[in-house]
Structures are given as C-alpha cells and as structure tokens.
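Below is one structure, written out as structure tokens, with a few remarks after it.
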Amino acid sequence: MTNIASIPYFIPEIVLVVFAVVIILYDLGSKKTGGNGAAYLGLVGLVIAVITALVIGSEDRSLFLGMVRLDSFAMFFKIIISVATAATILFSVRSSELDPETKGEYYALLLAVTLGMYLMASSTHLLMIYLSLETVSLTSYILAGFLTHSPRSSEAAFKYITFGAISSGTMLFGISLLFGMTGTGDIMLISSKLGEMFSQGDVYPLAVLLSITFILAGVGYKIASVPFHMWSPDVYEGAPIPITAFLSVASKAAGFALFIRLFYSGFKSADASIDWSMMLAVVSALTMTVGNLAALPQQNVKRLLAYSSISHGGFLLMGGVLLTSEGLQAILIYLIIYLFMNLGAFFVVILIANEVGSETIDGYRGLVSRAPLIAVSMAIFLFSLTGLPPLAGFAGKWILFAAVIKEKLYWLAVIGLLNSVVALYYYVRIVKAMFLESSDDTESLSFSPGSLVLLLIFVVPTLLLGIYWNPLYELSRASLGKLMG
Amino acid sequence: MLLSAVIFLPLLGAILIALARHILGESGLKWIALIITLLTFVVSLSLYSGFNADTHEMQFKEERTWIEGLGISYHLGIDGISLWLILLTTFMTPICVLAAWNSIEKGTSGFMISLLMLETAMLGVFCALDLFLFFVFWEAMLIPMYLLIGIWGGHRRIYATIKFVLYTMAGSALMLVGILYLYFQNDNSFNLMTLHGRTLSHQNLLFLAFFIAFAIKVPLFPFHTWLPDAHVEAPTVGSVILAGVLLKMGTYGIVRFCMPLFPEGVAAYTPLIVTLSVIGIIYGALVAMVQPDLKKLVAYSSVSHLGFVVLGLFALNHHGVQGGILQMINHGLSTGALFLLVGMIYERRHTRMIADFGGLSKQMPIFAVFFMIATLSSIGLPGLNGFVGEFMILLGGFMSDSFSKVYAIIAATGVILAAVYMLWMFQRVMFGKLDNPKNQTLTDLSLREIVVLVPIVVFIVWIGVYPKPFLSRMEKSVDQVLQQSRSTAAVKAAAPAIVLDTTTREAKKIDE
C-alpha cells in the first residue's frame, strides 16, 4: 500500500504523536498549577489510540510500501502495550518518587515509547525494525534516568545507554550483513531469499549465522536474555518504580513481538541449515537459570523482581524455540498473564515504597497485620509468578510446558521446571517476611480507595485466569493469524 | 453435584469467614468453621450410603468441559479407594477445628481459612479424574499448608515450612513433565479414564516421574527428612492434618496413578521400592525409639507406618493392597489421635520432652486411657484397627509373588520395634513417680477435648473389631487396580524410543 493510502490505517500511531505534543503544550501552560492533567491527557490519548485501532480492525494489510504490517498479531501487542502503558501512567500518578514539576514531558515520553513499541510490533522491514527499536531505546533511557536527584537513577540511565548503544550497533552490523547477502530489507523476502540461497548452496551458513547472532544481540537486549541481560538489574533498581514495571512488561512484550516477527517470518527457512532455534533453546535455559540464581540472594525487592523478570524472559523464550504455533500461542498467553501479575507486584512495591519508604524485603515484615489486603494481594501475585495453581501464572506455565513437551524438548522442560522450584524459594522469601515475620512498626497503613481499586484490577484477573483461561486460548490463536503460514 | 458440594463447601466456608472476619468475633468464626466442616462431613456420609460396592467403576461422576482447546475437563468421580480417604478427610477436619478451639492465639480467621482451603484441596485430590485438575488440587494444597506451619508453628517454623514446600514442589515439577507427556499419549486429553487400557510408552520413566512426587509426600525413605521438621514445628492441628490426610495423598497417588497406569514401571521398580519401604520401617522405628521429644517420636513412627503401607501396596496381591489402604485410614486415625494427645499435654505443660513427664496416669486418668488406646492402636494390638491393617499387609507380604518372604519377615520385626518404642514411651510418660511439681497440678481432659477424641476412638475400635464394612466397599476397586497393574505382558510389545530425537526434528524442519 502506498504511503498516502496507508495513513488511514496508521491513525492510532498518529493519535499517540498528537497527544504527546498536546501534553507538552499543556504542560507549558499549566506549569504553575501542577496537578495530574498531563497524566490524564496521556490516558485519554491511549484510550483513543486503542479505540481507533479496534475500529480500523486487524485485517491483514501491508502499509507504507511494506515497511509496516497491520495484522491481528500487531493488534494483540498494541493492546498489551497500551494496557501496560496505561497502568504505568496510573502508577506514576500514585508514586511519590516522581517530582510533580517535571511530569509533563514524562507522560509525553511515555506516549513516545508506546509509539515505538507499536512500531516494533508491526515492523516488517529491517530498517523500520531498527528505527522502532531505537525509538523505544532512546526514550527509555531518558525515562530510566528521570529521577534527576537520585544518583542511582542517573547510573541506571548511563548503563542503559552504554549497553543499548553497543547492542544496537551490533544489531545494525548484523542487519547490514543480512542486507548484503539478500539484497532486501523486507523480512518476508529475506525469508524466501534465504531459503532459495540455502537450497542452491550459494551462501555461507556461517555468514547467515553470524548475522542472525548479531541481530539477536539487539533483540536479546530488549527481552533481557543472557548474555545481554547485564543492564537490567541496575536499570530496574535505579529507575523510578513505574518505569521499572513498564520496562519489565511492555518492553519485554514489544521485544518478543519483534523477535517473533523477525525470527518466524524472516529466519524460519534458515533454521534447517543453521539451527538457530537450538541456539536459542540454550539461551533460554541459561536466561532462566541465571535470572533465578541471581535473584536468590537479593534483598531489594525491585532488584529481585528485576532478576525474576529476566528468568520469565527465559521462560517465554522457551515458547519461541519450538517453531510451532503452540509455542507462540503459549508466549502470547503467558504475556497477558505476566502483564497482570507482574504489574500487580510492582504496584504493591510502589505502594509500600510510598507508605513504608523501603524497597527491601525487611520493609515488608509483618505487612499482613499492617495492611492485610495489600499483603494478600502481593502473595497472590508472587505465588502466581511462581506458577502455583489455582493462579493465572500456573495456567501460563502449563501451556508453555505443554508446548515444549509436545516438541520433545524434555531437557528444556526439566530445566524450566527445576527453575520454577528455585523461583519459589525467593518469591516465598517476600511472602515469609509479610506473613511469618513481625515488624517493630505495628501501626496499620492506609491506602486511598483509588489505589485499592487499581490493585483489584490486577488481582482479579490473576485469580480468574488461573481458573478459566479458555478465552485466552482462543484469543491467542486468533492473534497468531497467518503468522505461522 | 454431590462431589462438587463436598469439595467446595469448605472453600465456601473459607470465603464466608473472610467476609465475616470483621463482623463476627473470634468464636463466631470458629463456629462457622465447625458448622461448615460438620456439614461437609454429613454431606460426605451420603457418599457412603449411596456407594455401590458391587462395581469398580467410578461413581458419583461429574464431567464438564473446562478448557476445550487443551482437552481439560472438570472431571470427578470416586471408587472404593477414594471413598475412604474422602471420609477420613471430612471426618478429621471438624475434629481439627475443635482441637484448635483454644490453642490458636493469633489470627483465628486466617487459621480457619487456611484449614478450610486445605480441606478443599485434599478432597479435590481424592476426587479428580482429570490429570490437570488433580495437579491443580495437588499444588493448591501447598499454600495453606505453608501458612499453617509458617504462621502458627513452633520456633523453627519458617525453616520447616520452606523445607516442606520446596520438597513437595521439587517432586511435583517432575510429575508435571510426566502429566504433560501422558497428555500427548492420550490423544491430547487429560482424562484419566481414557488412559486406562492404553499401552503407554516409556512407562519406567513415567513411573519414576510420578512416583518420586508421591514418595516425597508419603514420605518414603530416603525422602522423609522434611517430615520430622514439619511435624515438630507444625501446630497440633497441622500435624494431625499432615499425618492424618496429607501423607495419604502420596500413597493414594501411588494406587491411583503409578500402579494402574504403568505396570511396566511397577514390575521394574518393585524390588527397589520394597527395599526402601522395609528400610523405612526399620529405620523409622529405630530413630523413633531414641527420640526425647514426643512429637518427633510420633513423626518417626509415621515414617515406619507408611513404610508398611507402601510395602502392602507393592505386594501386588489382594491382601496386601487392601491392607495398605486400610492402614492409610488406620494411620490417619491413630497417629492423628496421638498428635492430638501430644498437643493437649503440650498446651498444659509447654514441653514435649518425655523426660519432663512421668506418672501422669495418676494425675490425668482420662488422658491416660485415651493415650493408651491410641498407643495400642498404633502398635497394632489385636482388637484395635492397627492390627487388622498390619496383619493384612504382612499376610500379603508373605504371599506375594513380587518380592521374597525375607522382606515380610524383616517388616514384621518392625511391629515388634513399634511395641518397644511406643510402650517404652508410654511407660516413661504415664507411669513411675509423679515427682515433677509442675506435673502435679495438671488438669485432666476437658469435655471439649473428650469430644474431640471419642469419635476417633470409636473408629479405632470399630475397624479393629468389625472391618468388613470398610473392606467390602474397597474390594472391587482394589481388584481392578491389581488387574491393571499386572497387565505387563500386553504392554511389553510397544516401546519405541523417544529420547530427544534430533534426526526427526531436523527432518521436520527441512520438510517445512
């Protein structure tokens, strides 16, 4: 579809841009009055973007001369990302970490990241993929360093930039190699071209392997897989908590969208010759093991959740190495569930940081007697992250492992399950502090009704999706659409 | 609907208590818990009266599609084996509620909620005929038990509860792989009923995947190390539930899954398992003998007794299996009673050390009588329940084709050892001089405590004198399990290799 003809199908993205600009203008005008106007403008922008996206529908269309694709797969991720962003905005309003003076550009930046993530989920051209990835990265750097008075936050931003620059440079190199070999940037064409070249034998498998590995550096950086995960604990710890929550969910989801599109549409034909899926299986096993083992000794809950989110990335990657639609379906389902339970856990971290002023496990001591509802909710999120029934995390784990075992990758399944035992140990440490230990402070904490309602928005799906997840199953199948061919 | 009602009544009670937490006082919540658990018991009695003993088929069946895409259904049903474990559970839980009446100092609502949720999970395990549903209940039990031990336990409760949870979770991780593997052999369905009669491949590995999970739960030597810790640190009620019902989930799993589904695995591992259970019998008894702590003594005696149960099951004949199942119930009753009694004396003296007692029978005659009955039942005195179970197990052991008589002979010495450690303990606690001044002021059992103990004693005597109603209802189901676990010959033909097969994986990729 030509550029002009594509614009009507691009309205959601345009809405985001417009609202980002509006927020900045609004902020200029209302600098003195303060308030949360910018945040609510951001929310309105997101809602309009989602509504327009739904109105436009998800009929398969290639936009902007093959740069971007509109399909049910992109739609799925756009909604997931929008929900995560909306939650982040609501968290930010409630977080006392952020300086109210600077909130205007903060929300504008959040919308800008969302735009980048929308594009990550729908790009089908190497150039567009790189651009969307950079849009997301650059804005995330600023957001991670948003607490200008906190050295930890600045350190986080600096580390993020350094790692980001290296991995995106590496990725760019991989892209250039691939472009040189195939002569095109369109990933569909690359797929057929690679298949052709392999069957005729006029390509060095090693060269393709190298370029895929280099590209993996960029993707792996986004989903924080080993060995590109080093940035994430420091960034997660230093960034404002809402941004940490955002990075751990939205950024990861967008990373997986990009990964699936690139590897399944682009490199699938190359798998027979260079077996990148096996390489990724090893990466997946390493990612979850490293993430879990590193989480074990953590005292800071934010950092603990950062490592746990690395290991969840490894879990998700298991679905990506199978080359089956069941595997991808499992990723999509797990992402929805992960969205609720992980954001919920981070929201509790925000509430506790506000009220208790602590991010360490010790700060959670005796929480059950001080704030029973919060403590029970946190326990639900944590047990769900562990994957204990009858909570949603269990459903996700079940579907994921079913897909893995169907492909007879038993070693990977066993490593994954042993990892869930390790995970149990460190999640339970927080539960232990909340329920089994007592604190010197015994006065009960009070939370605003708004916060409690927001909390329930995450608790209810975490409970219900563990008991009934047929709709998720259908949704994920529909969302995969024609992706698997 | 009857089974669903039995399973979810306690959960309903838990929700009710959670909602009424602020409205009603402590005693109101306790009454809710008691009424709900009694109601559950009464409803479950209609399972007993409506049970048809002439068939091995599953009864009171309920089946509804749950998650269609993955072949998961809400599928319940019971046979003569699960019937007894359900009744044991619904019988013990009100007793536990009553036993905990005065001993819970903090968080009564949380305690009762955990207890009721635990009951739902345990009942679900005994009723589920869908592997997914089974696994959900199996693991759902973890969280309430974690809290029961961790919040209301003794000094080292946190260590004990985490050890318990990690052990169980490690076992069930392997079982999950096994279940998912079975799913693909079962035409993408988790239905247990359609699994019967299929010749499954890789039975040995599957057997191990399931058996290790169950063996940890039983616990079979050498997986037993979590048990003494959990028992000692758990509150009385936690110990009663643990010994009374939770451990039976392991032996039940063996009867329901390992034996009928994987006859090849049964054949291959029987010698090993029987050896381990005999070691458990002797080891548990010897360690129990030297325990200075009453609760630890009873805990180790559990290891010994459950060794008997497993031995009986793997005798693979009618007497052995029936005895094993009966002994599950017996152990629940007698060890449950012992833990209750130890708890009662602990509430009075705040010590469980045998050395701190002596001559209690003079001060507390009623207590002594109950303690005597529970002790004798645990030893297996003829006329009480333990005798019937152990006798049948040993009879099965001597007649068994699956292992030599030597095992049965060694196991029989376990009965003697049991008499040694139990009677010696009884003598040190109950007889002798009442010279410790703290013991001279002890009060005898209250009416509530007597009400707690009497129902158990009734069943202890009943099963001992007239076990027929119990045995006759499990007869057909036991025969069915035995028949399925013996059909090795038919199975041996099919066993293709399914190690990670890279060549087919490659071939598939090229095809694509």
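Please note that chains go A, B, ... in the order of the structure tokens, that every chain numbers its residues from 1, and that ligands are numbered from 1 in the order shown.
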Between chain A and chain B, at 10 Å or less, what are the per-residue closest atom pairs and their distances in Å? Count only C-alpha atoms, order by chain and rising residue number, and return it as CSV.
residue,atom,partner,partner_atom,distance
A:Lys268,CA,B:Glu512,CA,9.0
A:Ser269,CA,B:Glu512,CA,7.8
A:Ala270,CA,B:Lys509,CA,9.5
A:Asp271,CA,B:Lys509,CA,7.2
A:Ala272,CA,B:Lys509,CA,5.3
A:Ser273,CA,B:Ile510,CA,8.5
A:Asp275,CA,B:Glu506,CA,8.7
A:Leu323,CA,B:Lys509,CA,8.8
A:Ser369,CA,B:Gly107,CA,9.3
A:Ala379,CA,B:Ile143,CA,9.8
A:Phe383,CA,B:Ile143,CA,8.4
A:Gly387,CA,B:Glu139,CA,9.8
A:Leu388,CA,B:Glu139,CA,6.5
A:Pro389,CA,B:Val136,CA,5.2
A:Pro390,CA,B:Val136,CA,6.1
A:Leu391,CA,B:Ala140,CA,9.1
A:Phe394,CA,B:Val136,CA,8.7
A:Ala395,CA,B:Val136,CA,9.8
A:Trp398,CA,B:Leu176,CA,8.5
A:Ile399,CA,B:Leu70,CA,8.4
A:Phe401,CA,B:Leu180,CA,7.6
A:Ala402,CA,B:Leu180,CA,5.7
A:Ala403,CA,B:Leu180,CA,9.1
A:Val404,CA,B:Leu180,CA,9.4
A:Ile405,CA,B:Tyr181,CA,6.5
A:Lys406,CA,B:Phe184,CA,6.9
A:Glu407,CA,B:Arg505,CA,8.5
A:Lys408,CA,B:Leu500,CA,6.0
A:Leu409,CA,B:Leu500,CA,6.3
A:Tyr410,CA,B:Leu500,CA,7.0
A:Trp411,CA,B:Leu500,CA,8.3
A:Ala413,CA,B:Val177,CA,7.2
A:Val414,CA,B:Val177,CA,7.2
A:Ile415,CA,B:Ala173,CA,9.9
A:Gly416,CA,B:Ala173,CA,9.2
A:Leu417,CA,B:Ala173,CA,5.5
A:Leu418,CA,B:Ala173,CA,6.7
A:Asn419,CA,B:Ala173,CA,9.4
A:Ser420,CA,B:Ala173,CA,8.1
A:Val421,CA,B:Ala170,CA,5.9
A:Val422,CA,B:Leu166,CA,8.4
A:Leu424,CA,B:Leu166,CA,7.6
A:Tyr425,CA,B:Leu166,CA,7.2
A:Val428,CA,B:Ile162,CA,8.1
A:Arg429,CA,B:Ile162,CA,9.1
A:Val431,CA,B:Leu147,CA,9.6
A:Lys432,CA,B:Ile158,CA,7.7
A:Phe435,CA,B:Ile151,CA,7.0
A:Leu436,CA,B:Ile151,CA,5.2
A:Glu437,CA,B:Ile151,CA,8.3
A:Gly466,CA,B:Val136,CA,9.7
A:Ile467,CA,B:Trp66,CA,9.1
A:Tyr468,CA,B:Ile67,CA,7.1
A:Trp469,CA,B:Ile67,CA,6.8
A:Asn470,CA,B:Ile67,CA,5.0
A:Pro471,CA,B:Ile67,CA,8.8
A:Tyr473,CA,B:Gly69,CA,6.9
A:Glu474,CA,B:Gly69,CA,7.8
A:Arg477,CA,B:Gly69,CA,9.9
Inset, instruction - Within 10 Å of Asp99 of chain A, counting only C-alpha atoms, which residues show up once you throw out same-chain ones fewer than 3 positions away? Write them as a ChimeraX atom specification, please. - result: /A:95-96,102-103,146-149
Could you please take those selected residues and save N, CA and C atoms as a PDB file, in the first residue's frame?
ATOM      1  N   SER A  95       2.796   7.398  42.486  1.00  0.00           N
ATOM      2  CA  SER A  95       4.126   7.227  43.040  1.00  0.00           C
ATOM      3  C   SER A  95       4.634   8.549  43.599  1.00  0.00           C
ATOM      4  N   SER A  96       5.190   8.506  44.784  1.00  0.00           N
ATOM      5  CA  SER A  96       5.693   9.747  45.364  1.00  0.00           C
ATOM      6  C   SER A  96       7.148   9.990  44.988  1.00  0.00           C
ATOM      7  N   THR A 102       8.127  17.986  36.854  1.00  0.00           N
ATOM      8  CA  THR A 102       8.617  17.525  35.547  1.00  0.00           C
ATOM      9  C   THR A 102       7.675  16.537  34.879  1.00  0.00           C
ATOM     10  N   LYS A 103       6.481  16.417  35.407  1.00  0.00           N
ATOM     11  CA  LYS A 103       5.669  15.314  34.923  1.00  0.00           C
ATOM     12  C   LYS A 103       5.210  15.453  33.487  1.00  0.00           C
ATOM     13  N   PHE A 146      15.020   9.448  35.007  1.00  0.00           N
ATOM     14  CA  PHE A 146      14.158  10.589  35.256  1.00  0.00           C
ATOM     15  C   PHE A 146      14.277  11.166  36.659  1.00  0.00           C
ATOM     16  N   LEU A 147      14.779  10.363  37.588  1.00  0.00           N
ATOM     17  CA  LEU A 147      14.918  10.876  38.960  1.00  0.00           C
ATOM     18  C   LEU A 147      16.244  11.624  39.039  1.00  0.00           C
ATOM     19  N   THR A 148      16.226  12.902  38.632  1.00  0.00           N
ATOM     20  CA  THR A 148      17.483  13.617  38.478  1.00  0.00           C
ATOM     21  C   THR A 148      18.227  13.789  39.797  1.00  0.00           C
ATOM     22  N   HIS A 149      17.486  13.743  40.910  1.00  0.00           N
ATOM     23  CA  HIS A 149      18.157  13.928  42.187  1.00  0.00           C
ATOM     24  C   HIS A 149      18.775  12.637  42.700  1.00  0.00           C
TER      25      HIS A 149
END
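Closest approach to Ala20 of chain B from the set B:Gly110, B:His331, B:Arg428, B:Leu3 is made by B:Gly110, with distances taken over only C-alpha atoms.
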Legend entry - Selected residue, from B:Thr335, B:Asn186, B:Gln203, B:Ser109, that lies nearest to Thr375 of chain B when counting only C-alpha atoms: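 Smallest separation from Thr375 of chain B among the options: B:Thr335.
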Legend entry - For Gly250 of chain B, the nearest of the candidates B:Gly280, B:Gly71, B:Pro263, B:Pro219, counting only C-alpha atoms: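 Answer, going by the shortest atom-to-atom distance: B:Pro219.
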Legend entry - Residue contacts of Ile56 of chain A (10 Å, only C-alpha atoms) excluding same-chain residues fewer than 2 positions away, as a VMD selection string: chain A and resid 8 to 12 50 to 54 58 to 59 70
Could you take the residues named above and write them with N, CA, C and O atoms, as a PDB file, in the first residue's frame?
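Final output, saved to selection.pdb:
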ATOM      1  N   PRO A   8      -4.692   6.287   6.666  1.00  0.00           N
ATOM      2  CA  PRO A   8      -5.886   5.979   7.480  1.00  0.00           C
ATOM      3  C   PRO A   8      -5.676   4.800   8.420  1.00  0.00           C
ATOM      4  O   PRO A   8      -6.316   4.718   9.473  1.00  0.00           O
ATOM      5  N   TYR A   9      -4.835   3.874   8.031  1.00  0.00           N
ATOM      6  CA  TYR A   9      -4.614   2.709   8.884  1.00  0.00           C
ATOM      7  C   TYR A   9      -3.548   2.972   9.954  1.00  0.00           C
ATOM      8  O   TYR A   9      -3.205   2.103  10.721  1.00  0.00           O
ATOM      9  N   PHE A  10      -3.035   4.149   9.947  1.00  0.00           N
ATOM     10  CA  PHE A  10      -1.943   4.487  10.852  1.00  0.00           C
ATOM     11  C   PHE A  10      -2.434   5.460  11.924  1.00  0.00           C
ATOM     12  O   PHE A  10      -1.644   6.008  12.680  1.00  0.00           O
ATOM     13  N   ILE A  11      -3.750   5.677  11.975  1.00  0.00           N
ATOM     14  CA  ILE A  11      -4.292   6.688  12.894  1.00  0.00           C
ATOM     15  C   ILE A  11      -3.904   6.452  14.357  1.00  0.00           C
ATOM     16  O   ILE A  11      -3.535   7.396  15.053  1.00  0.00           O
ATOM     17  N   PRO A  12      -3.948   5.215  14.868  1.00  0.00           N
ATOM     18  CA  PRO A  12      -3.583   5.045  16.283  1.00  0.00           C
ATOM     19  C   PRO A  12      -2.210   5.627  16.602  1.00  0.00           C
ATOM     20  O   PRO A  12      -2.036   6.318  17.613  1.00  0.00           O
ATOM     21  N   VAL A  50      -6.307   3.096  21.236  1.00  0.00           N
ATOM     22  CA  VAL A  50      -6.780   1.703  21.235  1.00  0.00           C
ATOM     23  C   VAL A  50      -8.124   1.611  20.515  1.00  0.00           C
ATOM     24  O   VAL A  50      -8.352   0.695  19.703  1.00  0.00           O
ATOM     25  N   ILE A  51      -8.984   2.594  20.786  1.00  0.00           N
ATOM     26  CA  ILE A  51     -10.298   2.535  20.149  1.00  0.00           C
ATOM     27  C   ILE A  51     -10.153   2.631  18.630  1.00  0.00           C
ATOM     28  O   ILE A  51     -10.741   1.834  17.883  1.00  0.00           O
ATOM     29  N   THR A  52      -9.343   3.582  18.173  1.00  0.00           N
ATOM     30  CA  THR A  52      -9.182   3.696  16.721  1.00  0.00           C
ATOM     31  C   THR A  52      -8.572   2.420  16.150  1.00  0.00           C
ATOM     32  O   THR A  52      -8.975   1.960  15.085  1.00  0.00           O
ATOM     33  N   ALA A  53      -7.633   1.851  16.893  1.00  0.00           N
ATOM     34  CA  ALA A  53      -7.023   0.609  16.405  1.00  0.00           C
ATOM     35  C   ALA A  53      -8.095  -0.465  16.257  1.00  0.00           C
ATOM     36  O   ALA A  53      -8.122  -1.200  15.266  1.00  0.00           O
ATOM     37  N   LEU A  54      -8.993  -0.546  17.249  1.00  0.00           N
ATOM     38  CA  LEU A  54     -10.032  -1.565  17.186  1.00  0.00           C
ATOM     39  C   LEU A  54     -10.997  -1.285  16.054  1.00  0.00           C
ATOM     40  O   LEU A  54     -11.492  -2.209  15.395  1.00  0.00           O
ATOM     41  N   SER A  58      -8.212  -5.580  12.286  1.00  0.00           N
ATOM     42  CA  SER A  58      -6.908  -6.221  12.140  1.00  0.00           C
ATOM     43  C   SER A  58      -6.840  -7.035  10.855  1.00  0.00           C
ATOM     44  O   SER A  58      -6.177  -8.051  10.784  1.00  0.00           O
ATOM     45  N   GLU A  59      -7.515  -6.557   9.840  1.00  0.00           N
ATOM     46  CA  GLU A  59      -7.411  -7.249   8.563  1.00  0.00           C
ATOM     47  C   GLU A  59      -5.977  -7.106   8.057  1.00  0.00           C
ATOM     48  O   GLU A  59      -5.375  -6.038   8.182  1.00  0.00           O
ATOM     49  N   LEU A  70      -0.083  -4.354   9.263  1.00  0.00           N
ATOM     50  CA  LEU A  70      -1.209  -4.308  10.195  1.00  0.00           C
ATOM     51  C   LEU A  70      -1.855  -5.681  10.179  1.00  0.00           C
ATOM     52  O   LEU A  70      -2.400  -6.102   9.173  1.00  0.00           O
TER      53      LEU A  70
END
Legend entry - Pick from B:Asn204, B:Ser27, B:Ser301, B:Gln322, whichever lies nearest to Arg473 of chain B using only C-alpha atoms: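 Using only C-alpha atoms, Arg473 of chain B sits closest to B:Gln322.
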Inset, instruction - Write out as an MDAnalysis selection string the residues lying within 7 Å of Leu119 of chain A, counting only C-alpha atoms and excluding same-chain residues fewer than 4 positions away. - result: chainID A and resid 115 123 132
Inset, instruction - Go through segment 94-149 of chain A and collect every residue that DSSP, computed from the backbone, puts in alpha helix (DSSP H); the answer should be as a PyMOL selection string. - result: chain A and resi 94+103-122+126-144
Can those selected residues be exported to a file as a compact mmCIF listing (two decimals), in the first residue's frame so that it contains N, CA and C atoms?
# COMPACT_ATOMS: atom_id res chain seq x y z
N ARG A 94 0.42 7.81 41.25
CA ARG A 94 0.37 7.44 42.67
C ARG A 94 1.75 7.33 43.30
N LYS A 103 6.48 16.42 35.41
CA LYS A 103 5.67 15.31 34.92
C LYS A 103 5.21 15.45 33.49
N GLY A 104 5.12 16.68 32.98
CA GLY A 104 4.62 16.86 31.62
C GLY A 104 5.39 16.07 30.60
N GLU A 105 6.69 16.30 30.53
CA GLU A 105 7.44 15.60 29.49
C GLU A 105 7.54 14.11 29.78
N TYR A 106 7.39 13.77 31.04
CA TYR A 106 7.42 12.35 31.41
C TYR A 106 6.31 11.60 30.69
N TYR A 107 5.11 12.15 30.74
CA TYR A 107 4.00 11.45 30.09
C TYR A 107 4.11 11.52 28.58
N ALA A 108 4.63 12.65 28.08
CA ALA A 108 4.85 12.74 26.63
C ALA A 108 5.82 11.66 26.18
N LEU A 109 6.88 11.47 26.99
CA LEU A 109 7.86 10.44 26.65
C LEU A 109 7.23 9.05 26.70
N LEU A 110 6.37 8.84 27.69
CA LEU A 110 5.72 7.52 27.78
C LEU A 110 4.93 7.23 26.51
N LEU A 111 4.23 8.25 26.02
CA LEU A 111 3.48 8.02 24.78
C LEU A 111 4.43 7.77 23.62
N ALA A 112 5.57 8.45 23.65
CA ALA A 112 6.54 8.25 22.57
C ALA A 112 7.07 6.81 22.60
N VAL A 113 7.37 6.29 23.80
CA VAL A 113 7.81 4.89 23.87
C VAL A 113 6.73 3.98 23.35
N THR A 114 5.50 4.28 23.73
CA THR A 114 4.40 3.43 23.27
C THR A 114 4.34 3.41 21.75
N LEU A 115 4.53 4.58 21.17
CA LEU A 115 4.55 4.66 19.70
C LEU A 115 5.64 3.72 19.15
N GLY A 116 6.83 3.83 19.74
CA GLY A 116 7.93 2.99 19.28
C GLY A 116 7.58 1.52 19.41
N MET A 117 6.90 1.17 20.49
CA MET A 117 6.56 -0.24 20.71
C MET A 117 5.49 -0.70 19.73
N TYR A 118 4.55 0.17 19.44
CA TYR A 118 3.55 -0.16 18.41
C TYR A 118 4.28 -0.53 17.13
N LEU A 119 5.29 0.28 16.80
CA LEU A 119 6.01 0.03 15.55
C LEU A 119 6.83 -1.25 15.64
N MET A 120 7.40 -1.49 16.84
CA MET A 120 8.17 -2.73 16.99
C MET A 120 7.30 -3.94 16.70
N ALA A 121 6.04 -3.84 17.12
CA ALA A 121 5.15 -4.99 16.95
C ALA A 121 4.71 -5.14 15.51
N SER A 122 4.85 -4.08 14.71
CA SER A 122 4.29 -4.19 13.36
C SER A 122 5.32 -4.03 12.23
N LEU A 126 13.68 -4.38 7.77
CA LEU A 126 14.82 -4.29 8.68
C LEU A 126 15.07 -2.84 9.13
N LEU A 127 14.91 -1.91 8.19
CA LEU A 127 15.16 -0.52 8.52
C LEU A 127 14.18 -0.03 9.57
N MET A 128 12.92 -0.39 9.34
CA MET A 128 11.85 0.03 10.26
C MET A 128 12.06 -0.63 11.63
N ILE A 129 12.49 -1.88 11.59
CA ILE A 129 12.73 -2.60 12.85
C ILE A 129 13.80 -1.86 13.65
N TYR A 130 14.86 -1.48 12.96
CA TYR A 130 15.93 -0.79 13.67
C TYR A 130 15.46 0.55 14.21
N LEU A 131 14.71 1.28 13.38
CA LEU A 131 14.23 2.60 13.82
C LEU A 131 13.29 2.48 15.02
N SER A 132 12.39 1.52 14.96
CA SER A 132 11.44 1.40 16.08
C SER A 132 12.17 1.01 17.36
N LEU A 133 13.15 0.13 17.19
CA LEU A 133 13.92 -0.30 18.35
C LEU A 133 14.63 0.90 18.98
N GLU A 134 15.19 1.74 18.13
CA GLU A 134 15.93 2.90 18.64
C GLU A 134 14.98 3.92 19.28
N THR A 135 13.80 4.09 18.68
CA THR A 135 12.83 5.00 19.29
C THR A 135 12.53 4.57 20.72
N VAL A 136 12.30 3.28 20.86
CA VAL A 136 11.99 2.77 22.19
C VAL A 136 13.18 2.95 23.12
N SER A 137 14.36 2.60 22.62
CA SER A 137 15.53 2.66 23.49
C SER A 137 15.81 4.08 23.95
N LEU A 138 15.86 5.01 23.01
CA LEU A 138 16.24 6.38 23.37
C LEU A 138 15.30 6.97 24.40
N THR A 139 14.00 6.77 24.19
CA THR A 139 13.05 7.33 25.16
C THR A 139 13.15 6.61 26.50
N SER A 140 13.42 5.28 26.45
CA SER A 140 13.54 4.55 27.71
C SER A 140 14.73 5.04 28.52
N TYR A 141 15.83 5.41 27.82
CA TYR A 141 17.00 5.90 28.56
C TYR A 141 16.61 7.10 29.40
N ILE A 142 15.87 8.02 28.76
CA ILE A 142 15.51 9.24 29.50
C ILE A 142 14.60 8.90 30.67
N LEU A 143 13.63 8.02 30.40
CA LEU A 143 12.68 7.67 31.46
C LEU A 143 13.40 6.99 32.63
N ALA A 144 14.37 6.14 32.32
CA ALA A 144 15.09 5.44 33.40
C ALA A 144 15.88 6.43 34.25
Legend entry - Residue neighbourhood Val235 of chain A, 12 Å, only C-alpha atoms, exclusion window fewer than 5 positions, as a VMD selection string: chain A and resid 140 to 146 151 to 164 224 229 to 230 240 to 241 243 to 248 302 to 303 305 to 307
